[in-house]
2 protein chains.
Amino acid sequence: MRNNTIGSLIWLRLMRFTNQSNQMSNEFLKRFDLTTAQFDVLIQVRTYQPLTQMELAEKVTVTQGGISRMLARLEKEGYIVRKQDWKTKTISLTDKAEALMEQVMPEQLAFQTSFFDDVLSEEEQKTLYALMSRVHKHSEKKEIPPE
Amino acid sequence: MRNNTIGSLIWLRLMRFTNQSNQMSNEFLKRFDLTTAQFDVLIQVRTYQPLTQMELAEKVTVTQGGISRMLARLEKEGYIVRKQDWKTKTISLTDKAEALMEQVMPEQLAFQTSFFDDVLSEEEQKTLYALMSRVHKHSEKKEIPPE
DNA sequence: ATTTTTAACTTGACTAGTCAAGTGATAGTG
DNA sequence: CACTATCACTTGACTAGTCAAGTTAAAAAT
């Protein structure tokens, strides 16, 4: 029994790569006192604000509980505000976060981009994107095989 | 300022996909009372045993501290044994884990494979694998840009 | 043969997340 | 109007990981 279908090899590469690049991204963002997860959340809030926790959780593929905890941390740091609005909590960025993002976004964008620009041609990047899009979309409607 | 280089789009897809498929894998492995992270560690131990914690940490891209905690959990569950051997701790699978892996491995392999087999041709999978291998290898020697 | 150094591992304090049970406010229903 | 759903969010107990300071045992140096 060997771990050797092409699919399983791709799976492993993807896991190791995302793990690796996530760690590097964390290291990179340390200069702004942010983590990758926090940056991800702030980007979404910035783009879609004002929005509810449910909507946000959906966008970053995290559970209700996860987003609740994350927002508590971000609120403590003064990056976001939650106001009870009807029976929902509406999230938006503070000025502090808005200013920070203005500065961080182009840098983080360049950082992410460099993982691919350094080794793949434009054509290859398009291919990779197209393939991953198909795989990702498929995974979203996939079902766990029954026991 | 938009989040729109091809590279950044690929990055996002990869993150969301691995996140998604990791969650699904956890759900799948629940029937064996395992998590994806535990399965990953057990596979490595099975393949390379006996090995030290340092070696294992390297293989699964986790810190020394992380592997120490993970192994403490796996030991408590009776899946692995650590014996102090010289100044190193040597890790190997218990019979219980060996038997479990015999059963789980083919199923998990099929599960991972299905993420790709369902939507990509053999040719496309080879392309994806080749592209990701290059990107991954590059990331391993990449350096964090200076402040 | 003691002392220092070093290598391998552990641990405390933290981020990040899960699941499932618990709150709290609003919306319907009798 | 009180009563029960229900929806949005929180929280307790956990896995999984990070970093940096703390052990511990063997190696090297005095």
# chains A, B, ... in the order shown; residues from 1 in each chain; ligands from 1

call {"tool": "interface_residues", "arguments": {"of": "chain C", "to": "chain A", "cutoff": "7 Å", "atoms": "only C-alpha atoms (C1' of nucleotides)", "output": "list in words"}}
result
DG17, DA25 and DT26 of chain C

call {"tool": "interface_residues", "arguments": {"of": "chain B", "to": "chain A", "cutoff": "6 Å", "atoms": "only C-alpha atoms", "output": "PDB file with N, CA, C and O atoms, in the first residue's frame"}}
result
ATOM      1  N   GLY B   7      -1.544  35.973  -9.304  1.00  0.00           N
ATOM      2  CA  GLY B   7      -0.935  35.304  -8.161  1.00  0.00           C
ATOM      3  C   GLY B   7      -1.787  35.361  -6.918  1.00  0.00           C
ATOM      4  O   GLY B   7      -1.996  34.341  -6.257  1.00  0.00           O
ATOM      5  N   SER B   8      -2.334  36.532  -6.628  1.00  0.00           N
ATOM      6  CA  SER B   8      -3.129  36.647  -5.409  1.00  0.00           C
ATOM      7  C   SER B   8      -4.438  35.866  -5.524  1.00  0.00           C
ATOM      8  O   SER B   8      -4.943  35.345  -4.530  1.00  0.00           O
ATOM      9  N   ILE B  10      -4.726  33.050  -7.231  1.00  0.00           N
ATOM     10  CA  ILE B  10      -4.334  31.654  -7.020  1.00  0.00           C
ATOM     11  C   ILE B  10      -4.172  31.392  -5.526  1.00  0.00           C
ATOM     12  O   ILE B  10      -4.679  30.405  -4.989  1.00  0.00           O
ATOM     13  N   PHE B  17      -9.358  26.305  -0.781  1.00  0.00           N
ATOM     14  CA  PHE B  17      -9.508  24.892  -1.106  1.00  0.00           C
ATOM     15  C   PHE B  17      -8.907  23.995  -0.035  1.00  0.00           C
ATOM     16  O   PHE B  17      -9.549  23.040   0.402  1.00  0.00           O
ATOM     17  N   GLN B 112      -8.856  11.458  -0.883  1.00  0.00           N
ATOM     18  CA  GLN B 112      -8.027  12.553  -1.395  1.00  0.00           C
ATOM     19  C   GLN B 112      -8.058  12.579  -2.921  1.00  0.00           C
ATOM     20  O   GLN B 112      -8.216  13.635  -3.542  1.00  0.00           O
ATOM     21  N   THR B 113      -7.906  11.424  -3.492  1.00  0.00           N
ATOM     22  CA  THR B 113      -7.849  11.305  -4.946  1.00  0.00           C
ATOM     23  C   THR B 113      -9.119  11.820  -5.613  1.00  0.00           C
ATOM     24  O   THR B 113      -9.067  12.449  -6.671  1.00  0.00           O
ATOM     25  N   PHE B 116      -9.720  15.285  -7.148  1.00  0.00           N
ATOM     26  CA  PHE B 116      -9.134  15.626  -8.439  1.00  0.00           C
ATOM     27  C   PHE B 116      -9.679  14.750  -9.568  1.00  0.00           C
ATOM     28  O   PHE B 116     -10.005  15.248 -10.638  1.00  0.00           O
ATOM     29  N   TYR B 129       0.062  18.991 -10.914  1.00  0.00           N
ATOM     30  CA  TYR B 129       1.116  18.497 -10.026  1.00  0.00           C
ATOM     31  C   TYR B 129       2.462  19.140 -10.342  1.00  0.00           C
ATOM     32  O   TYR B 129       3.181  19.580  -9.444  1.00  0.00           O
ATOM     33  N   HIS B 136       5.907  24.992  -4.959  1.00  0.00           N
ATOM     34  CA  HIS B 136       6.249  24.544  -3.606  1.00  0.00           C
ATOM     35  C   HIS B 136       7.756  24.568  -3.382  1.00  0.00           C
ATOM     36  O   HIS B 136       8.236  25.101  -2.379  1.00  0.00           O
TER      37      HIS B 136
END

call {"tool": "select_by_dssp", "arguments": {"residues": "chain A", "states": "strand (DSSP E or B)", "output": "ChimeraX atom specification"}}
result
/A:51-52,80-85,88-93

call {"tool": "closest_residue", "arguments": {"among": "D:DT4, D:DA26, D:DA13, D:DT18", "to": "chain A", "atoms": "only C-alpha atoms (C1' of nucleotides)"}}
result
D:DT18

call {"tool": "select_by_dssp", "arguments": {"residues": "chain B", "states": "helix (DSSP H, G or I)", "output": "JSON, numbers by chain"}}
result
{"B": [6, 7, 8, 9, 10, 11, 12, 13, 14, 15, 16, 17, 18, 19, 20, 21, 22, 23, 24, 25, 26, 27, 28, 29, 30, 31, 32, 36, 37, 38, 39, 40, 41, 42, 43, 44, 45, 46, 47, 48, 53, 54, 55, 56, 57, 58, 59, 64, 65, 66, 67, 68, 69, 70, 71, 72, 73, 74, 75, 76, 95, 96, 97, 98, 99, 100, 101, 102, 103, 104, 105, 106, 107, 108, 109, 110, 111, 112, 113, 114, 115, 116, 117, 122, 123, 124, 125, 126, 127, 128, 129, 130, 131, 132, 133, 134, 135, 136, 137, 138, 139, 140, 141]}

call {"tool": "interface_residues", "arguments": {"of": "chain D", "to": "chain B", "cutoff": "10 Å", "atoms": "only C-alpha atoms (C1' of nucleotides)", "output": "short mmCIF file (atom, residue, chain, number, x, y, z; two decimals) with N, CA, C and O atoms (P, O5', C5', C4', C3', O3' and C1' of nucleotides), in the first residue's frame"}}
result
data_model
loop_
_atom_site.label_atom_id
_atom_site.label_comp_id
_atom_site.auth_asym_id
_atom_site.auth_seq_id
_atom_site.Cartn_x
_atom_site.Cartn_y
_atom_site.Cartn_z
P DT D 15 -8.09 17.07 22.97
"O5'" DT D 15 -7.91 17.61 21.46
"C5'" DT D 15 -8.72 17.09 20.43
"C4'" DT D 15 -8.37 17.80 19.13
"C3'" DT D 15 -6.91 17.63 18.70
"O3'" DT D 15 -6.91 17.43 17.28
"C1'" DT D 15 -7.41 19.93 18.89
P DA D 16 -5.56 17.08 16.53
"O5'" DA D 16 -4.86 18.50 16.31
"C5'" DA D 16 -5.29 19.32 15.24
"C4'" DA D 16 -4.42 20.54 15.19
"C3'" DA D 16 -2.92 20.25 15.33
"O3'" DA D 16 -2.30 20.65 14.14
"C1'" DA D 16 -3.59 22.12 16.61
P DG D 17 -0.77 20.34 13.84
"O5'" DG D 17 0.04 21.64 14.28
"C5'" DG D 17 -0.03 22.78 13.47
"C4'" DG D 17 0.12 24.03 14.30
"C3'" DG D 17 1.49 24.31 14.90
"O3'" DG D 17 2.34 24.87 13.92
"C1'" DG D 17 -0.31 25.07 16.26
P DT D 18 3.88 25.11 14.21
"O5'" DT D 18 3.96 26.60 14.80
"C5'" DT D 18 3.17 27.66 14.25
"C4'" DT D 18 3.39 28.90 15.09
"C3'" DT D 18 4.84 29.06 15.53
"O3'" DT D 18 5.43 30.24 15.02
"C1'" DT D 18 3.36 29.18 17.42
P DC D 19 7.03 30.42 15.07
"O5'" DC D 19 7.34 31.18 16.44
"C5'" DC D 19 6.61 32.33 16.83
"C4'" DC D 19 6.96 32.67 18.26
"C3'" DC D 19 8.46 32.58 18.56
"O3'" DC D 19 8.83 33.76 19.27
"C1'" DC D 19 7.24 31.30 20.11
P DT D 24 14.29 18.30 34.82
"O5'" DT D 24 15.10 17.32 33.85
"C5'" DT D 24 14.60 17.01 32.54
"C4'" DT D 24 15.70 16.40 31.69
"C3'" DT D 24 16.89 15.83 32.48
"O3'" DT D 24 17.25 14.62 31.86
"C1'" DT D 24 17.67 17.31 30.87
P DA D 25 17.79 13.37 32.73
"O5'" DA D 25 18.63 12.58 31.63
"C5'" DA D 25 18.20 12.62 30.26
"C4'" DA D 25 19.39 12.77 29.35
"C3'" DA D 25 20.66 12.08 29.82
"O3'" DA D 25 21.28 11.50 28.69
"C1'" DA D 25 21.12 14.32 29.40
P DA D 26 22.28 10.25 28.86
"O5'" DA D 26 23.46 10.67 27.90
"C5'" DA D 26 23.15 10.90 26.52
"C4'" DA D 26 24.11 11.92 25.96
"C3'" DA D 26 25.58 11.49 26.02
"O3'" DA D 26 26.12 11.77 24.76
"C1'" DA D 26 25.31 13.64 26.94
#

call {"tool": "atom_distance", "arguments": {"atom1": "CA of Val104 (chain B)", "atom2": "CA of Gly78 (chain B)"}}
result
16.4 Å

call {"tool": "atom_distance", "arguments": {"atom1": "C1' of DA27 (chain C)", "atom2": "CA of Gln49 (chain A)"}}
result
26.4 Å

call {"tool": "atom_distance", "arguments": {"atom1": "CA of Ser92 (chain A)", "atom2": "CA of Leu56 (chain A)"}}
result
11.0 Å

call {"tool": "residues_around", "arguments": {"residues": "Gln64 (chain B)", "least_positions_apart": "6", "cutoff": "9 Å", "atoms": "only C-alpha atoms (C1' of nucleotides)", "output": "list of chain:residue names"}}
result
B:Gln53, B:Met54, B:Ala57, B:Glu58, C:DC9

call {"tool": "write_last_selection", "arguments": {"atoms": "C-alpha atoms (C1' of nucleotides)", "output": "compact mmCIF listing (two decimals), in the first residue's frame"}}
result
# COMPACT_ATOMS: atom_id res chain seq x y z
CA GLN B 53 10.89 14.13 16.88
CA MET B 54 13.12 16.54 15.00
CA ALA B 57 8.66 17.81 12.77
CA GLU B 58 10.58 18.55 9.59
C1' DC C 9 12.55 17.74 24.00

call {"tool": "closest_residue", "arguments": {"among": "B:Thr52, B:Ser68, B:Gln44, B:Asn26", "to": "DT11 (chain C)", "atoms": "only C-alpha atoms (C1' of nucleotides)"}}
result
B:Ser68

call {"tool": "decode", "arguments": {"residues": "region 72-86 of chain A", "atoms": "all heavy atoms", "output": "CSV table (one decimal), in the first residue's frame"}}
result
chain,number,residue,atom,x,y,z
A,72,ALA,N,-13.7,39.0,18.5
A,72,ALA,CA,-13.4,39.5,19.8
A,72,ALA,C,-12.0,39.9,19.9
A,72,ALA,O,-11.7,41.0,20.5
A,72,ALA,CB,-13.7,38.3,20.8
A,73,ARG,N,-11.0,39.2,19.3
A,73,ARG,CA,-9.6,39.6,19.3
A,73,ARG,C,-9.4,40.9,18.6
A,73,ARG,O,-8.8,41.8,19.0
A,73,ARG,CB,-8.7,38.5,18.8
A,73,ARG,CG,-8.6,37.3,19.7
A,73,ARG,CD,-7.6,36.3,19.1
A,73,ARG,NE,-8.0,35.6,17.9
A,73,ARG,CZ,-8.6,34.5,17.8
A,73,ARG,NH1,-8.9,33.8,18.9
A,73,ARG,NH2,-8.9,34.0,16.6
A,74,LEU,N,-10.0,40.9,17.4
A,74,LEU,CA,-9.8,42.1,16.5
A,74,LEU,C,-10.4,43.4,17.2
A,74,LEU,O,-9.9,44.5,17.0
A,74,LEU,CB,-10.4,41.9,15.1
A,74,LEU,CG,-9.7,40.9,14.2
A,74,LEU,CD1,-10.5,40.7,13.0
A,74,LEU,CD2,-8.3,41.5,13.9
A,75,GLU,N,-11.5,43.1,17.9
A,75,GLU,CA,-12.2,44.3,18.6
A,75,GLU,C,-11.3,44.8,19.7
A,75,GLU,O,-11.1,46.0,19.9
A,75,GLU,CB,-13.5,43.8,19.1
A,75,GLU,CG,-14.5,45.0,19.5
A,75,GLU,CD,-15.9,44.5,19.6
A,75,GLU,OE1,-16.1,43.5,20.3
A,75,GLU,OE2,-16.8,45.2,19.1
A,76,LYS,N,-10.7,43.8,20.5
A,76,LYS,CA,-9.8,44.2,21.6
A,76,LYS,C,-8.6,45.0,21.1
A,76,LYS,O,-8.2,45.9,21.7
A,76,LYS,CB,-9.3,42.9,22.2
A,76,LYS,CG,-8.8,43.0,23.6
A,76,LYS,CD,-8.3,41.7,24.2
A,76,LYS,CE,-7.1,41.2,23.4
A,76,LYS,NZ,-6.7,39.8,23.7
A,77,GLU,N,-8.2,44.7,19.9
A,77,GLU,CA,-7.0,45.4,19.3
A,77,GLU,C,-7.5,46.7,18.6
A,77,GLU,O,-6.7,47.5,18.2
A,77,GLU,CB,-6.4,44.6,18.2
A,77,GLU,CG,-5.8,43.2,18.6
A,77,GLU,CD,-4.6,43.4,19.5
A,77,GLU,OE1,-3.8,44.3,19.4
A,77,GLU,OE2,-4.4,42.5,20.4
A,78,GLY,N,-8.8,46.9,18.6
A,78,GLY,CA,-9.3,48.2,18.1
A,78,GLY,C,-9.4,48.3,16.6
A,78,GLY,O,-9.3,49.4,16.0
A,79,TYR,N,-9.5,47.1,15.9
A,79,TYR,CA,-9.5,47.1,14.4
A,79,TYR,C,-10.9,47.1,13.9
A,79,TYR,O,-11.2,47.6,12.8
A,79,TYR,CB,-8.8,45.9,13.9
A,79,TYR,CG,-7.3,45.9,14.1
A,79,TYR,CD1,-6.6,44.9,14.6
A,79,TYR,CD2,-6.6,47.1,13.7
A,79,TYR,CE1,-5.2,44.9,14.8
A,79,TYR,CE2,-5.2,47.1,13.9
A,79,TYR,CZ,-4.5,46.1,14.4
A,79,TYR,OH,-3.2,46.1,14.5
A,80,ILE,N,-11.9,46.6,14.6
A,80,ILE,CA,-13.2,46.5,14.2
A,80,ILE,C,-14.2,46.9,15.3
A,80,ILE,O,-13.8,46.9,16.4
A,80,ILE,CB,-13.6,45.1,13.7
A,80,ILE,CG1,-13.5,44.1,14.8
A,80,ILE,CG2,-12.8,44.7,12.5
A,80,ILE,CD1,-14.7,43.3,15.0
A,81,VAL,N,-15.4,47.3,14.9
A,81,VAL,CA,-16.5,47.5,15.8
A,81,VAL,C,-17.7,46.6,15.4
A,81,VAL,O,-18.0,46.4,14.3
A,81,VAL,CB,-16.9,49.0,15.9
A,81,VAL,CG1,-16.0,49.8,16.7
A,81,VAL,CG2,-17.1,49.6,14.5
A,82,ARG,N,-18.4,46.1,16.5
A,82,ARG,CA,-19.6,45.4,16.3
A,82,ARG,C,-20.7,46.1,17.0
A,82,ARG,O,-20.6,46.4,18.2
A,82,ARG,CB,-19.5,44.0,17.0
A,82,ARG,CG,-18.5,43.1,16.3
A,82,ARG,CD,-18.6,41.7,16.9
A,82,ARG,NE,-17.7,41.6,18.1
A,82,ARG,CZ,-17.5,40.4,18.7
A,82,ARG,NH1,-18.0,39.3,18.3
A,82,ARG,NH2,-16.7,40.4,19.8
A,83,LYS,N,-21.7,46.5,16.2
A,83,LYS,CA,-22.8,47.1,16.9
A,83,LYS,C,-24.1,46.3,16.7
A,83,LYS,O,-24.5,45.9,15.6
A,83,LYS,CB,-23.0,48.6,16.6
A,83,LYS,CG,-23.3,49.0,15.2
A,83,LYS,CD,-23.9,50.4,15.3
A,83,LYS,CE,-23.6,51.3,14.1
A,83,LYS,NZ,-22.3,51.3,13.4
A,84,GLN,N,-24.7,46.0,17.9
A,84,GLN,CA,-26.0,45.3,17.9
A,84,GLN,C,-27.0,46.1,17.1
A,84,GLN,O,-27.3,47.2,17.5
A,84,GLN,CB,-26.5,45.0,19.3
A,84,GLN,CG,-27.7,44.1,19.4
A,84,GLN,CD,-27.2,42.6,19.4
A,84,GLN,OE1,-26.2,42.2,19.8
A,84,GLN,NE2,-28.1,41.7,18.8
A,85,ASP,N,-27.5,45.5,16.1
A,85,ASP,CA,-28.3,46.2,15.1
A,85,ASP,C,-29.5,45.3,14.8
A,85,ASP,O,-29.3,44.3,14.1
A,85,ASP,CB,-27.4,46.5,13.9
A,85,ASP,CG,-28.1,47.4,12.9
A,85,ASP,OD1,-28.9,48.2,13.3
A,85,ASP,OD2,-27.8,47.2,11.7
A,86,TRP,N,-30.6,45.6,15.4
A,86,TRP,CA,-31.7,44.6,15.2
A,86,TRP,C,-31.2,43.4,15.9
A,86,TRP,O,-30.6,43.5,17.0
A,86,TRP,CB,-32.0,44.4,13.7
A,86,TRP,CG,-33.3,43.8,13.5
A,86,TRP,CD1,-34.6,44.2,13.9
A,86,TRP,CD2,-33.5,42.6,12.8
A,86,TRP,NE1,-35.5,43.4,13.5
A,86,TRP,CE2,-34.9,42.4,12.8
A,86,TRP,CE3,-32.7,41.7,12.1
A,86,TRP,CZ2,-35.5,41.3,12.2
A,86,TRP,CZ3,-33.2,40.6,11.5
A,86,TRP,CH2,-34.6,40.4,11.5
